[in-house]
>>> print(open('protein-v4.cif').read())   # mmCIF, C-alpha atoms
data_target
#
loop_
_atom_site.label_atom_id
_atom_site.label_comp_id
_atom_site.auth_asym_id
_atom_site.auth_seq_id
_atom_site.Cartn_x
_atom_site.Cartn_y
_atom_site.Cartn_z
CA MET L 29 -22.96 44.92 26.62
CA GLU L 30 -20.61 42.84 28.77
CA GLU L 31 -23.30 40.13 29.12
CA LYS L 32 -23.69 39.90 25.34
CA GLN L 33 -19.93 39.68 24.88
CA GLU L 34 -19.69 36.91 27.49
CA LYS L 35 -22.44 34.92 25.75
CA LYS L 36 -20.61 35.32 22.45
CA LEU L 37 -17.37 34.00 23.96
CA LEU L 38 -19.15 30.99 25.44
CA SER L 39 -20.98 30.09 22.24
CA VAL L 40 -19.44 27.14 20.39
CA SER L 41 -20.31 25.26 17.23
CA SER L 42 -21.46 21.67 17.13
CA SER L 43 -18.86 18.93 17.42
CA PRO L 44 -16.27 18.02 16.30
CA HIS L 45 -14.28 20.99 17.56
CA VAL L 46 -10.81 19.80 16.50
CA ARG L 47 -9.73 21.36 13.23
CA ASP L 48 -6.95 20.34 10.89
CA ARG L 49 -5.63 21.89 7.69
CA SER L 50 -5.19 18.49 6.06
CA SER L 51 -7.40 17.68 3.10
CA THR L 52 -7.81 14.75 0.76
CA LYS L 53 -5.81 16.61 -1.86
CA SER L 54 -2.91 17.45 0.48
CA ILE L 55 -2.74 13.90 1.85
CA MET L 56 -2.75 12.30 -1.60
CA ARG L 57 -0.18 14.81 -2.81
CA ASP L 58 2.11 13.97 0.11
CA VAL L 59 1.91 10.24 -0.64
CA VAL L 60 2.73 10.90 -4.31
CA ILE L 61 5.74 12.98 -3.22
CA ALA L 62 6.82 10.22 -0.85
CA LEU L 63 6.79 7.74 -3.75
CA LEU L 64 9.05 9.90 -5.92
CA PRO L 65 12.37 8.45 -4.60
CA ALA L 66 11.24 4.89 -5.39
CA THR L 67 9.90 6.07 -8.74
CA ALA L 68 13.24 7.68 -9.57
CA VAL L 69 15.14 4.50 -8.71
CA GLY L 70 12.73 2.45 -10.82
CA ILE L 71 13.24 4.76 -13.80
CA TYR L 72 17.01 4.66 -13.28
CA ASN L 73 16.97 0.85 -13.25
CA PHE L 74 14.53 0.19 -16.09
CA ARG L 75 14.69 3.45 -18.08
CA LEU L 76 12.17 4.05 -20.85
CA SER L 77 10.12 0.94 -20.19
CA ALA L 78 9.46 2.06 -16.61
CA VAL L 79 8.50 5.57 -17.75
CA LEU L 80 5.99 4.15 -20.23
CA VAL L 81 4.40 1.86 -17.64
CA ILE L 82 4.10 4.68 -15.09
CA LEU L 83 2.62 7.12 -17.61
CA THR L 84 0.18 4.51 -18.91
CA THR L 85 -1.21 3.51 -15.52
CA CYS L 86 -1.43 7.09 -14.22
CA VAL L 87 -3.15 8.46 -17.35
CA THR L 88 -5.48 5.45 -17.51
CA CYS L 89 -6.59 5.85 -13.90
CA ILE L 90 -7.22 9.59 -14.27
CA VAL L 91 -9.13 9.20 -17.54
CA ALA L 92 -11.14 6.21 -16.24
CA GLU L 93 -12.22 8.15 -13.16
CA TRP L 94 -13.13 11.22 -15.22
CA ILE L 95 -15.21 9.21 -17.71
CA TRP L 96 -17.00 7.26 -14.96
CA GLN L 97 -17.90 10.37 -12.99
CA LYS L 98 -19.07 12.18 -16.12
CA CYS L 99 -21.25 9.22 -17.14
CA MET L 100 -22.67 8.87 -13.62
CA LYS L 101 -23.19 12.65 -13.43
CA GLN L 102 -21.04 12.87 -10.31
CA PRO L 103 -18.67 15.68 -9.31
CA VAL L 104 -15.32 15.16 -11.03
CA THR L 105 -12.61 14.55 -8.41
CA THR L 106 -9.60 13.86 -10.61
CA GLY L 107 -7.93 16.98 -9.20
CA ASP L 108 -7.58 15.52 -5.69
CA PHE L 109 -4.59 13.33 -6.71
CA SER L 110 -6.33 10.10 -5.62
CA ALA L 111 -6.58 8.68 -9.16
CA LEU L 112 -2.98 9.74 -9.85
CA LEU L 113 -1.86 7.99 -6.66
CA THR L 114 -3.74 4.82 -7.61
CA GLY L 115 -2.04 4.79 -11.01
CA LEU L 116 1.40 5.41 -9.50
CA LEU L 117 0.98 2.70 -6.85
CA LEU L 118 -0.21 0.27 -9.50
CA ALA L 119 2.86 1.03 -11.63
CA MET L 120 5.14 0.52 -8.61
CA ASN L 121 3.74 -3.02 -8.33
CA LEU L 122 4.27 -3.96 -11.99
CA PRO L 123 7.32 -5.32 -13.84
CA ASN L 124 8.79 -3.00 -16.44
CA THR L 125 8.25 -5.68 -19.12
CA ILE L 126 4.46 -5.71 -18.77
CA PRO L 127 2.66 -4.93 -22.08
CA LEU L 128 1.10 -1.47 -21.98
CA TRP L 129 -2.37 -2.70 -22.95
CA MET L 130 -2.36 -4.81 -19.78
CA CYS L 131 -1.52 -1.66 -17.81
CA VAL L 132 -4.63 -0.04 -19.29
CA VAL L 133 -6.79 -3.01 -18.29
CA GLY L 134 -5.33 -3.02 -14.77
CA GLY L 135 -5.81 0.73 -14.38
CA VAL L 136 -9.45 0.59 -15.49
CA PHE L 137 -10.14 -2.31 -13.13
CA ALA L 138 -8.46 -0.50 -10.22
CA ILE L 139 -10.56 2.65 -10.67
CA ILE L 140 -13.91 1.24 -11.78
CA VAL L 141 -14.13 -2.05 -9.88
CA GLY L 142 -11.78 -1.29 -7.00
CA LYS L 143 -13.05 2.20 -6.27
CA GLN L 144 -15.91 3.85 -8.19
CA ILE L 145 -18.34 0.96 -8.26
CA PHE L 146 -18.51 1.10 -4.45
CA GLY L 147 -19.19 4.83 -4.41
CA GLY L 148 -15.80 6.40 -4.95
CA LEU L 149 -13.09 7.53 -2.56
CA GLY L 150 -13.98 6.75 1.03
CA GLN L 151 -16.44 3.98 0.14
CA ASN L 152 -14.09 1.35 -1.32
CA PHE L 153 -13.38 -1.58 0.99
CA MET L 154 -10.04 -2.55 -0.59
CA ASN L 155 -7.04 -0.65 -1.85
CA PRO L 156 -7.80 0.12 -5.53
CA ALA L 157 -4.18 -0.21 -6.71
CA LEU L 158 -3.83 -3.61 -5.05
CA ALA L 159 -7.20 -4.66 -6.45
CA GLY L 160 -5.85 -3.87 -9.91
CA ARG L 161 -2.58 -5.68 -9.27
CA CYS L 162 -4.24 -8.82 -7.89
CA PHE L 163 -6.59 -8.85 -10.88
CA MET L 164 -3.59 -8.63 -13.21
CA VAL L 165 -1.73 -11.40 -11.35
CA LEU L 166 -4.72 -13.71 -11.77
CA SER L 167 -5.39 -12.68 -15.38
CA PHE L 168 -1.86 -12.22 -16.75
CA SER L 169 0.24 -14.41 -14.47
CA SER L 170 3.05 -14.98 -16.98
CA ALA L 171 3.52 -11.30 -17.82
CA MET L 172 3.29 -10.31 -14.15
CA THR L 173 6.11 -12.67 -13.17
CA SER L 174 8.51 -11.81 -15.99
CA PHE L 175 11.41 -9.71 -14.72
CA THR L 176 14.60 -8.40 -16.28
CA ILE L 177 17.94 -7.03 -15.17
CA LYS L 178 19.86 -4.35 -17.02
CA GLU L 179 22.79 -5.50 -19.10
CA GLY L 180 25.31 -3.29 -20.86
CA ALA L 181 25.20 0.31 -22.03
CA ASP L 182 22.37 -0.36 -24.49
CA TRP L 183 19.97 -0.63 -21.55
CA MET L 184 20.10 3.14 -21.37
CA TYR L 185 17.65 3.16 -24.27
CA GLY L 186 15.21 0.97 -22.37
CA ILE L 187 14.91 -1.64 -25.12
CA ALA L 188 13.76 -5.04 -23.83
CA VAL L 189 16.08 -7.08 -26.07
CA ASP L 190 19.07 -5.60 -24.28
CA ALA L 191 17.87 -7.07 -20.97
CA THR L 192 18.34 -10.48 -19.42
CA SER L 193 15.50 -12.37 -17.79
CA ALA L 194 16.14 -13.16 -14.16
CA ALA L 195 14.39 -14.36 -11.02
CA THR L 196 13.89 -11.89 -8.20
CA PRO L 197 16.02 -12.32 -5.06
CA LEU L 198 13.00 -13.68 -3.19
CA MET L 199 12.33 -16.23 -5.91
CA GLN L 200 15.97 -17.33 -5.76
CA VAL L 201 15.57 -17.88 -2.03
CA LYS L 202 12.30 -19.71 -2.65
CA GLN L 203 14.01 -22.00 -5.14
CA GLY L 204 16.70 -22.89 -2.60
CA ALA L 205 19.61 -20.80 -3.81
CA THR L 206 22.55 -20.50 -1.46
CA ILE L 207 23.36 -17.21 0.27
CA GLY L 208 26.43 -16.78 -1.92
CA GLY L 209 24.29 -17.03 -5.04
CA LEU L 210 21.96 -14.23 -4.04
CA PRO L 211 22.47 -10.56 -4.84
CA ASN L 212 24.46 -8.47 -2.43
CA LEU L 213 22.34 -7.13 0.42
CA MET L 214 23.60 -3.61 -0.22
CA ASP L 215 22.44 -3.90 -3.83
CA MET L 216 19.03 -5.00 -2.60
CA PHE L 217 18.88 -2.17 -0.08
CA LEU L 218 19.85 0.47 -2.62
CA GLY L 219 17.73 -1.02 -5.40
CA THR L 220 20.06 -2.31 -8.12
CA THR L 221 18.34 -5.70 -8.37
CA THR L 222 15.45 -7.04 -10.38
CA GLY L 223 11.82 -6.81 -9.34
CA THR L 224 8.80 -4.61 -9.92
CA ILE L 225 9.40 -0.95 -10.73
CA GLY L 226 8.87 0.38 -7.22
CA GLU L 227 9.88 -2.46 -4.92
CA THR L 228 13.61 -2.81 -5.62
CA SER L 229 14.99 0.01 -3.45
CA CYS L 230 14.40 -0.44 0.26
CA ALA L 231 16.34 2.79 0.91
CA ALA L 232 14.10 4.87 -1.38
CA LEU L 233 10.95 3.44 0.17
CA LEU L 234 12.19 4.15 3.70
CA LEU L 235 13.05 7.69 2.65
CA GLY L 236 9.48 8.16 1.44
CA ALA L 237 8.14 6.57 4.63
CA ALA L 238 10.17 9.02 6.72
CA TYR L 239 8.59 11.89 4.78
CA LEU L 240 5.09 10.57 5.51
CA LEU L 241 5.89 10.19 9.20
CA ILE L 242 7.35 13.70 9.43
CA ARG L 243 4.31 15.13 7.67
CA ARG L 244 2.10 13.05 9.99
CA VAL L 245 0.26 11.57 7.05
CA ILE L 246 0.68 8.10 8.56
CA THR L 247 1.53 6.72 11.99
CA TRP L 248 4.15 4.08 12.74
CA GLN L 249 1.86 1.46 14.29
CA ILE L 250 0.59 -0.45 11.25
CA PRO L 251 3.84 -0.65 9.21
CA VAL L 252 6.15 -1.32 12.15
CA ILE L 253 3.92 -3.98 13.73
CA TYR L 254 3.32 -5.52 10.30
CA ILE L 255 7.03 -5.78 9.50
CA GLY L 256 7.86 -6.81 13.08
CA THR L 257 5.25 -9.60 13.09
CA PHE L 258 6.57 -10.94 9.81
CA ALA L 259 10.15 -10.84 11.11
CA VAL L 260 9.23 -12.71 14.30
CA ILE L 261 7.40 -15.43 12.34
CA ASP L 262 10.39 -15.73 10.01
CA LEU L 263 12.76 -16.24 12.96
CA ILE L 264 10.42 -18.79 14.57
CA TYR L 265 10.16 -20.68 11.29
CA GLN L 266 13.94 -20.77 10.92
CA LEU L 267 14.33 -22.11 14.46
CA ALA L 268 11.64 -24.73 13.83
CA VAL L 269 13.27 -26.11 10.68
CA GLY L 270 16.79 -25.82 12.07
CA GLY L 271 18.19 -23.61 9.34
CA ALA L 272 17.73 -20.40 7.38
CA PRO L 273 15.63 -21.24 4.32
CA TYR L 274 14.27 -17.69 4.27
CA PRO L 275 17.06 -15.30 5.40
CA ILE L 276 15.31 -12.51 7.23
CA LEU L 277 17.33 -9.61 5.80
CA TYR L 278 16.60 -10.77 2.26
CA GLU L 279 12.92 -11.09 3.11
CA LEU L 280 12.81 -7.55 4.52
CA CYS L 281 14.80 -5.87 1.75
CA GLY L 282 13.36 -7.85 -1.14
CA GLY L 283 9.90 -7.93 -2.65
CA GLY L 284 7.03 -5.60 -1.90
CA LEU L 285 7.04 -5.76 1.90
CA MET L 286 8.32 -2.21 2.46
CA LEU L 287 6.15 -0.81 -0.34
CA GLY L 288 3.05 -2.55 0.99
CA ALA L 289 3.65 -1.85 4.67
CA TRP L 290 4.35 1.88 4.40
CA PHE L 291 2.26 2.93 1.40
CA MET L 292 -0.71 0.56 1.05
CA ALA L 293 -1.46 -1.07 4.39
CA THR L 294 -1.76 2.45 5.86
CA ASP L 295 -4.51 3.55 3.46
CA TYR L 296 -7.01 5.58 5.51
CA VAL L 297 -10.09 4.12 3.86
CA THR L 298 -9.19 0.43 4.00
CA SER L 299 -7.41 0.22 7.39
CA PRO L 300 -8.91 0.32 10.91
CA ILE L 301 -9.34 3.64 12.69
CA THR L 302 -9.00 2.35 16.26
CA LYS L 303 -5.58 1.77 17.85
CA LYS L 304 -6.48 -1.75 18.95
CA GLY L 305 -7.86 -2.50 15.51
CA GLN L 306 -4.67 -1.28 13.85
CA VAL L 307 -2.59 -3.64 15.99
CA ILE L 308 -4.82 -6.62 15.14
CA TYR L 309 -4.82 -5.63 11.46
CA ALA L 310 -1.02 -5.31 11.31
CA ILE L 311 -0.47 -8.66 13.05
CA LEU L 312 -2.89 -10.31 10.61
CA LEU L 313 -0.97 -8.84 7.65
CA GLY L 314 2.35 -10.10 9.01
CA LEU L 315 0.92 -13.58 9.56
CA LEU L 316 -0.70 -13.78 6.11
CA THR L 317 2.43 -12.50 4.35
CA ALA L 318 4.55 -15.14 6.09
CA LEU L 319 2.10 -17.90 5.18
CA PHE L 320 1.98 -16.84 1.52
CA ARG L 321 5.75 -16.44 1.22
CA PHE L 322 6.83 -19.57 3.08
CA PHE L 323 4.12 -22.02 2.06
CA GLY L 324 2.63 -20.58 -1.14
CA GLU L 325 3.65 -21.04 -4.74
CA SER L 326 4.86 -17.46 -5.15
CA ALA L 327 7.78 -15.83 -3.36
CA GLU L 328 5.59 -12.78 -2.70
CA GLY L 329 2.33 -12.47 -0.80
CA VAL L 330 2.09 -8.85 0.33
CA SER L 331 -0.65 -7.82 -2.12
CA PHE L 332 -3.00 -10.68 -1.33
CA ALA L 333 -2.29 -10.36 2.39
CA ILE L 334 -3.33 -6.68 2.37
CA ILE L 335 -6.42 -7.38 0.24
CA ILE L 336 -7.56 -10.08 2.68
CA GLY L 337 -6.76 -7.76 5.57
CA ASN L 338 -8.89 -5.03 3.95
CA CYS L 339 -11.81 -7.45 3.79
CA CYS L 340 -11.42 -8.20 7.51
CA VAL L 341 -11.35 -4.54 8.60
CA PRO L 342 -15.14 -4.23 9.26
CA LEU L 343 -15.01 -7.30 11.51
CA ILE L 344 -11.86 -6.04 13.26
CA GLU L 345 -13.43 -2.65 13.95
CA ARG L 346 -16.61 -4.25 15.23
CA PHE L 347 -14.70 -5.94 18.04
CA SER L 348 -12.12 -3.21 18.66
CA ILE L 349 -14.29 -0.07 18.76
CA PRO L 350 -14.35 1.47 22.28
CA LYS L 351 -17.59 1.07 24.21
CA PRO L 352 -19.45 4.30 25.06
CA PHE L 353 -18.98 5.52 28.63
CA GLY L 354 -21.58 4.01 30.93
CA LYS L 355 -22.87 1.45 28.44
CA GLU L 356 -21.29 -1.53 30.24
CA HIS L 357 -22.72 -0.32 33.58
CA GLU L 358 -26.17 0.05 32.01
CA LYS L 359 -25.93 -3.45 30.53
CA LYS L 360 -25.04 -4.98 33.92
CA LYS L 361 -27.87 -3.05 35.55
CA LYS L 362 -30.40 -4.45 33.08
CA GLU L 363 -29.07 -7.98 33.56
CA ALA L 364 -29.34 -7.63 37.31
CA ALA L 365 -32.92 -6.44 37.00
#
>>> encode(input="protein-v4.cif", output="structure tokens")
Amino acid sequence: MEEKQEKKLLSVSSSPHVRDRSSTKSIMRDVVIALLPATAVGIYNFRLSAVLVILTTCVTCIVAEWIWQKCMKQPVTTGDFSALLTGLLLAMNLPNTIPLWMCVVGGVFAIIVGKQIFGGLGQNFMNPALAGRCFMVLSFSSAMTSFTIKEGADWMYGIAVDATSAATPLMQVKQGATIGGLPNLMDMFLGTTTGTIGETSCAALLLGAAYLLIRRVITWQIPVIYIGTFAVIDLIYQLAVGGAPYPILYELCGGGLMLGAWFMATDYVTSPITKKGQVIYAILLGLLTALFRFFGESAEGVSFAIIIGNCCVPLIERFSIPKPFGKEHEKKKKEAA
């Protein structure tokens, strides 16, 4: 009897033996929750127009995924929050003035082309929301670069005619505006400036990032190294040109850097799994973002930087994956023979 009990205690299942309660649904739900502060600020700033854009992209992504999976006779996975998250992230990267039919096109592209056509969640090589945004930037460049600021009490009703067109803080810097002519840094940090729906409030995005870190949904390596690399390149560039054409605090608080670094560059599927690979990936993103912002036509560059980084992930992992124990010794032994 004791022998049988001992054998039972020593019996183990096949690897892996580490267990975790996390699931795709719980992870996606946590990211959606983390985006709620930025979503709330976007709705506060842009009112009804922001609500309509968010609802349109989220519903489009969910419906597009459901229809595709039904037509392909695949299990329907719309309940795992991944399609909802794609729609919400896409909305966060859009101006509130974007026509709703364009939101539908972008949402369908994000789900079908950016995700499902490659096999669904876990098989896509690029972030679906960013795929949709980049497609919209290339297809509807004028609408994607049209921004407004709220003006007067009538803005409460979210009617576009009550708004004033304005350049984003980053575009003002790009166009050579003086520091005094730019929005107050506190306004940029809190989110009372113009921009896309989800990028304006650095404070709200950092609050969401803190939630993800506490919940251990993401780790600090990719976003911190990404932002740090960009900051270092910015400082080097300023020293090289002998001035401050791109003030670093404006670059960090403005645009989609915080949104991209904390919520999209950390995507499990499209980022490296090795620690060394994550460092290389984050440095590459910082370098590409700096190149796009400082030398490109647009004041932004985060979306295209992450998409290019996603495409480089297989190559990064190929050279950063740890070698199996004893393989190097075996290789040297064969060479010696």
>>> resolve_selection(input="protein-v4.cif", expression="the PyMOL selection byres ((chain L and resi 105) around 10)", output="ChimeraX atom specification")
/L:53,90,93-94,97,102-104,106-111,148-149
>>> atom_distance(input="protein-v4.cif", atom1="atom CA of Ser229 of chain L", atom2="atom CA of Leu63 of chain L")
11.3 Å
>>> closest_atom_pairs(input="protein-v4.cif", of="segment 47-114 of chain L", to="segment 232-251 of chain L", cutoff="9 Å", atoms="only C-alpha atoms", output="tab-separated table")
residue	atom	partner	partner_atom	distance
L:Ser50	CA	L:Val245	CA	8.9
L:Ile55	CA	L:Val245	CA	6.4
L:Asp58	CA	L:Leu240	CA	7.0
L:Val59	CA	L:Leu240	CA	6.9
L:Ile61	CA	L:Gly236	CA	7.7
L:Ala62	CA	L:Gly236	CA	4.1
L:Leu63	CA	L:Gly236	CA	5.9
L:Leu64	CA	L:Gly236	CA	7.6
L:Pro65	CA	L:Ala232	CA	5.1
L:Ala66	CA	L:Ala232	CA	4.9
L:Thr67	CA	L:Ala232	CA	8.6
L:Ala68	CA	L:Ala232	CA	8.7
L:Val69	CA	L:Ala232	CA	7.4
>>> closest_residue(input="protein-v4.cif", among="L:Ile95, L:Ile334, L:Cys281, L:Val260", to="Thr294 of chain L", atoms="only C-alpha atoms")
L:Ile334
>>> closest_residue(input="protein-v4.cif", among="L:Cys99, L:Leu128, L:Ala289, L:Val87", to="Leu112 of chain L", atoms="all atoms listed in the file")
L:Val87
>>> residues_near_point(input="protein-v4.cif", point="(17.4, -1.0, -10.1)", cutoff="6 Å", atoms="all atoms listed in the file", output="list in words")
Gly70, Asn73, Gly219, Thr220 and Thr221 of chain L
>>> atom_distance(input="protein-v4.cif", atom1="atom CA of Phe322 of chain L", atom2="atom CA of Glu227 of chain L")
19.1 Å
>>> resolve_selection(input="protein-v4.cif", expression="the PyMOL selection byres ((chain L and resi 82) around 9)", output="PDB file with C-alpha atoms, keeping the file's coordinate frame")
ATOM      1  CA  THR L  67       9.900   6.070  -8.740  1.00  0.00           C
ATOM      2  CA  SER L  77      10.120   0.940 -20.190  1.00  0.00           C
ATOM      3  CA  ALA L  78       9.460   2.060 -16.610  1.00  0.00           C
ATOM      4  CA  VAL L  79       8.500   5.570 -17.750  1.00  0.00           C
ATOM      5  CA  LEU L  80       5.990   4.150 -20.230  1.00  0.00           C
ATOM      6  CA  VAL L  81       4.400   1.860 -17.640  1.00  0.00           C
ATOM      7  CA  LEU L  83       2.620   7.120 -17.610  1.00  0.00           C
ATOM      8  CA  THR L  84       0.180   4.510 -18.910  1.00  0.00           C
ATOM      9  CA  THR L  85      -1.210   3.510 -15.520  1.00  0.00           C
ATOM     10  CA  CYS L  86      -1.430   7.090 -14.220  1.00  0.00           C
ATOM     11  CA  VAL L  87      -3.150   8.460 -17.350  1.00  0.00           C
ATOM     12  CA  GLY L 115      -2.040   4.790 -11.010  1.00  0.00           C
ATOM     13  CA  LEU L 116       1.400   5.410  -9.500  1.00  0.00           C
ATOM     14  CA  LEU L 118      -0.210   0.270  -9.500  1.00  0.00           C
ATOM     15  CA  ALA L 119       2.860   1.030 -11.630  1.00  0.00           C
ATOM     16  CA  MET L 120       5.140   0.520  -8.610  1.00  0.00           C
ATOM     17  CA  CYS L 131      -1.520  -1.660 -17.810  1.00  0.00           C
ATOM     18  CA  ILE L 225       9.400  -0.950 -10.730  1.00  0.00           C
TER      19      ILE L 225
END
>>> residues_around(input="protein-v4.cif", residues="Gly283 of chain L", least_positions_apart="2", cutoff="8 Å", atoms="all atoms listed in the file", output="list of chain:residue names")
L:Thr196, L:Pro197, L:Leu198, L:Gly223, L:Glu227, L:Thr228, L:Glu279, L:Leu280, L:Cys281, L:Leu285, L:Met286, L:Glu328
>>> atom_distance(input="protein-v4.cif", atom1="atom CA of Leu313 of chain L", atom2="atom CA of Met214 of chain L")
26.3 Å
>>> residues_around(input="protein-v4.cif", residues="Met164 of chain L", least_positions_apart="2", cutoff="10 Å", atoms="all atoms listed in the file", output="number ranges by chain")
L: 122, 130-131, 133-135, 137-138, 158-162, 166-172
>>> residues_around(input="protein-v4.cif", residues="Thr257 of chain L", least_positions_apart="5", cutoff="7 Å", atoms="all atoms listed in the file", output="PyMOL selection string")
chain L and resi 311+314-315
>>> write_last_selection(input="protein-v4.cif", atoms="C-alpha atoms", output="CSV table (one decimal), in the coordinates of the input")
chain,number,residue,atom,x,y,z
L,311,ILE,CA,-0.5,-8.7,13.0
L,314,GLY,CA,2.4,-10.1,9.0
L,315,LEU,CA,0.9,-13.6,9.6
>>> resolve_selection(input="protein-v4.cif", expression="the PyMOL selection byres ((chain L and resi 335-337) around 8)", output="NGL selection string")
:L and (154-155 or 158-159 or 309 or 312-313 or 331-334 or 338-341)
